[in-house]
Structure formats: C-alpha cells, structure tokens
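Inspection log for the structure reproduced underneath, given as structure tokens.
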Amino acid sequence: SYMIKEISELQNELEKKAISKVFPANFSNEQANDIYNSHAQEVLESWWKLADQLVFRYADGFINQVTSEDSPAFKNGKKLTFTSKPTGYPETWLRKVGYSEGPPPLDKSSWDSCLSAETKETKSGLDINSYQPSSVQYPKVKDTLKLNSMRK
C-alpha cells in the first residue's frame with residue numbers, strides 16, 4: 001500500500017516527540033499534565049491532517065500531488081502545480097479476477113433478486129425479460145499491463 005509509508009513516518013515522528021517530552025522526567029504533576037495534554041492535542045491534529053492528505057493524495061486509484069515553487073509571477077509568489085498519476089493494478093491481481101473478460105453477464109434471477117415486484121411493473125423502459133449483456137470490449141490483461149508500465 002502506498003499510504004502505509006506516510007502513516008509509519010508520522011507515527012515514528014510523533015513517538016519520538018513523545019519520548020523527548022517525557023525524558024528527562026523532572027517536572028511536577030501539573031507540568032506533566034500540561035505536556036501530555038498538549039502532545040495529545042498535537043497527535044490528534046496531526047492524524048486528522050494526515051487523513052485529509054491521504055484522501056486527497058490517493059483518491060480514485062491515483063497518486064495526486066500539489067507542488068509549489070517560488071515565482072514572482074504567481075499569487076503569493078508561489079507557482080502551484082497539480083499532478084496525478086494512476087497507480088494501476090498488479091498483473092497477478094488482474095489475472096486472478098479475470099479482468100480481460102470483463103464483468104460476468106447478469107441473468108434473469110439476478111434482476112429478480114435486485115428489483116421488487118412493484119419496481120418491475122412500474123419502471124418504464126426496463127424490460128428485464130429481454131436484457132442482454134452489453135457488447136463492451138474490455139482491454140486484455142497484457143494491454144492493461146502495458147498501460148500501467150507506461151504510466152509509471
């Protein structure tokens with residue numbers, strides 16, 4: 001997983017800060033409570049901030065990044081650049097799930113289990129008796145692997 005690296009980095013950083021605040025332990029109980037409470041607040045804020053960053057960075061199977069560089073031509077003197085790179089899927093997973101064959105067709109019993117009797121009767125334009133799977137052509141595993149390698 002891409003995220004675990006960032007999670008581990010933050011965890012290690014926060015643990016080191018906690019240890020540095022506890023040792024040396026020559027402070028009063030009141031001082032200790034203040035130190036622990038401020039650290040707990042910092043930890044809580046750091047994890048929420050990381051959660052937001054991870055949701056943005058890894059949304060929809062992509063690695064999204066915003067970078068900035070100094071430039072007097074842009075607002076606040078910073079030029080922001082957004083990049084997005086698809087993560088792709090491992091070849092073994094694509095083969096195991098039968099990606100190149102596409103999704104299996106739905107049979108009438110699948111429709112029956114999804115739709116209530118009332119829906120079947122009143123839904124205009126839906127004829128479950130004549131449903132045919134679409135003729136969408138799915139890319140072959142080797143084509144997908146080629147795309148994934150080109151994206152990296």
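Identifiers in the structure tokens: chain A, B, ... in order shown; residue index from 1 per chain; ligand index from 1 in order shown.
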### Task
Compile the contact shell of Met3 (chain A) as an MDAnalysis selection string: residues with an atom at most 7 Å away, counting only C-alpha atoms, same-chain residues fewer than 3 positions apart removed.
chainID A and resid 6:7 54
Go ahead and write the residues just picked, N, CA, C and O atoms, as a short mmCIF file (atom, residue, chain, number, x, y, z; two decimals), in the first residue's frame.
data_model
loop_
_atom_site.label_atom_id
_atom_site.label_comp_id
_atom_site.auth_asym_id
_atom_site.auth_seq_id
_atom_site.Cartn_x
_atom_site.Cartn_y
_atom_site.Cartn_z
N GLU A 6 3.49 6.73 4.57
CA GLU A 6 3.22 8.03 5.19
C GLU A 6 2.69 7.87 6.62
O GLU A 6 3.00 8.66 7.50
N ILE A 7 1.87 6.85 6.81
CA ILE A 7 1.34 6.58 8.15
C ILE A 7 2.47 6.23 9.10
O ILE A 7 2.56 6.77 10.22
N LEU A 54 -4.22 12.02 2.88
CA LEU A 54 -4.29 10.70 2.24
C LEU A 54 -5.51 10.58 1.34
O LEU A 54 -5.42 10.01 0.25
#
#### Entry: Spatial neighbours of Val66 (chain A), max dist 12 Å, only C-alpha atoms, sep filter under 5 positions, as a ChimeraX atom specification
/A:53,56-57,78-85
Selected residues, N, CA and C atoms, written as an mmCIF file, in the first residue's frame, please.
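Writing done, so here's again13.cif:
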data_model
loop_
_atom_site.group_PDB
_atom_site.id
_atom_site.type_symbol
_atom_site.label_atom_id
_atom_site.label_comp_id
_atom_site.auth_asym_id
_atom_site.auth_seq_id
_atom_site.Cartn_x
_atom_site.Cartn_y
_atom_site.Cartn_z
ATOM 1 N N GLN A 53 -4.951 14.530 3.947
ATOM 2 C CA GLN A 53 -3.931 14.447 2.907
ATOM 3 C C GLN A 53 -4.012 13.118 2.150
ATOM 4 N N PHE A 56 -6.997 12.976 -0.257
ATOM 5 C CA PHE A 56 -6.703 13.734 -1.477
ATOM 6 C C PHE A 56 -5.666 13.013 -2.334
ATOM 7 N N ARG A 57 -4.565 12.624 -1.718
ATOM 8 C CA ARG A 57 -3.436 12.092 -2.477
ATOM 9 C C ARG A 57 -3.767 10.785 -3.196
ATOM 10 N N LYS A 78 4.140 32.056 -5.301
ATOM 11 C CA LYS A 78 4.279 30.610 -5.444
ATOM 12 C C LYS A 78 3.533 30.125 -6.680
ATOM 13 N N LYS A 79 4.177 29.280 -7.439
ATOM 14 C CA LYS A 79 3.534 28.622 -8.573
ATOM 15 C C LYS A 79 3.135 27.221 -8.102
ATOM 16 N N LEU A 80 1.836 26.918 -8.143
ATOM 17 C CA LEU A 80 1.348 25.602 -7.729
ATOM 18 C C LEU A 80 1.145 24.723 -8.960
ATOM 19 N N THR A 81 1.595 23.492 -8.869
ATOM 20 C CA THR A 81 1.447 22.544 -9.966
ATOM 21 C C THR A 81 0.761 21.290 -9.441
ATOM 22 N N PHE A 82 -0.290 20.867 -10.123
ATOM 23 C CA PHE A 82 -1.017 19.651 -9.752
ATOM 24 C C PHE A 82 -0.639 18.534 -10.716
ATOM 25 N N THR A 83 -0.275 17.374 -10.163
ATOM 26 C CA THR A 83 -0.001 16.196 -10.991
ATOM 27 C C THR A 83 -0.821 15.030 -10.454
ATOM 28 N N SER A 84 -1.195 14.151 -11.354
ATOM 29 C CA SER A 84 -1.990 12.987 -10.984
ATOM 30 C C SER A 84 -1.507 11.803 -11.812
ATOM 31 N N LYS A 85 -1.163 10.717 -11.131
ATOM 32 C CA LYS A 85 -0.617 9.547 -11.804
ATOM 33 C C LYS A 85 -1.407 8.315 -11.365
#
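Distance-wise, CA of Phe27 (chain A) and CA of Leu44 (chain A) end up 23.7 Å apart.
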### Message
Here is a test: counting only C-alpha atoms, which residue of A:Asp60, A:Glu9, A:Asp52, A:Glu15 is nearest to Thr87 (chain A)?
### Response
A:Asp60
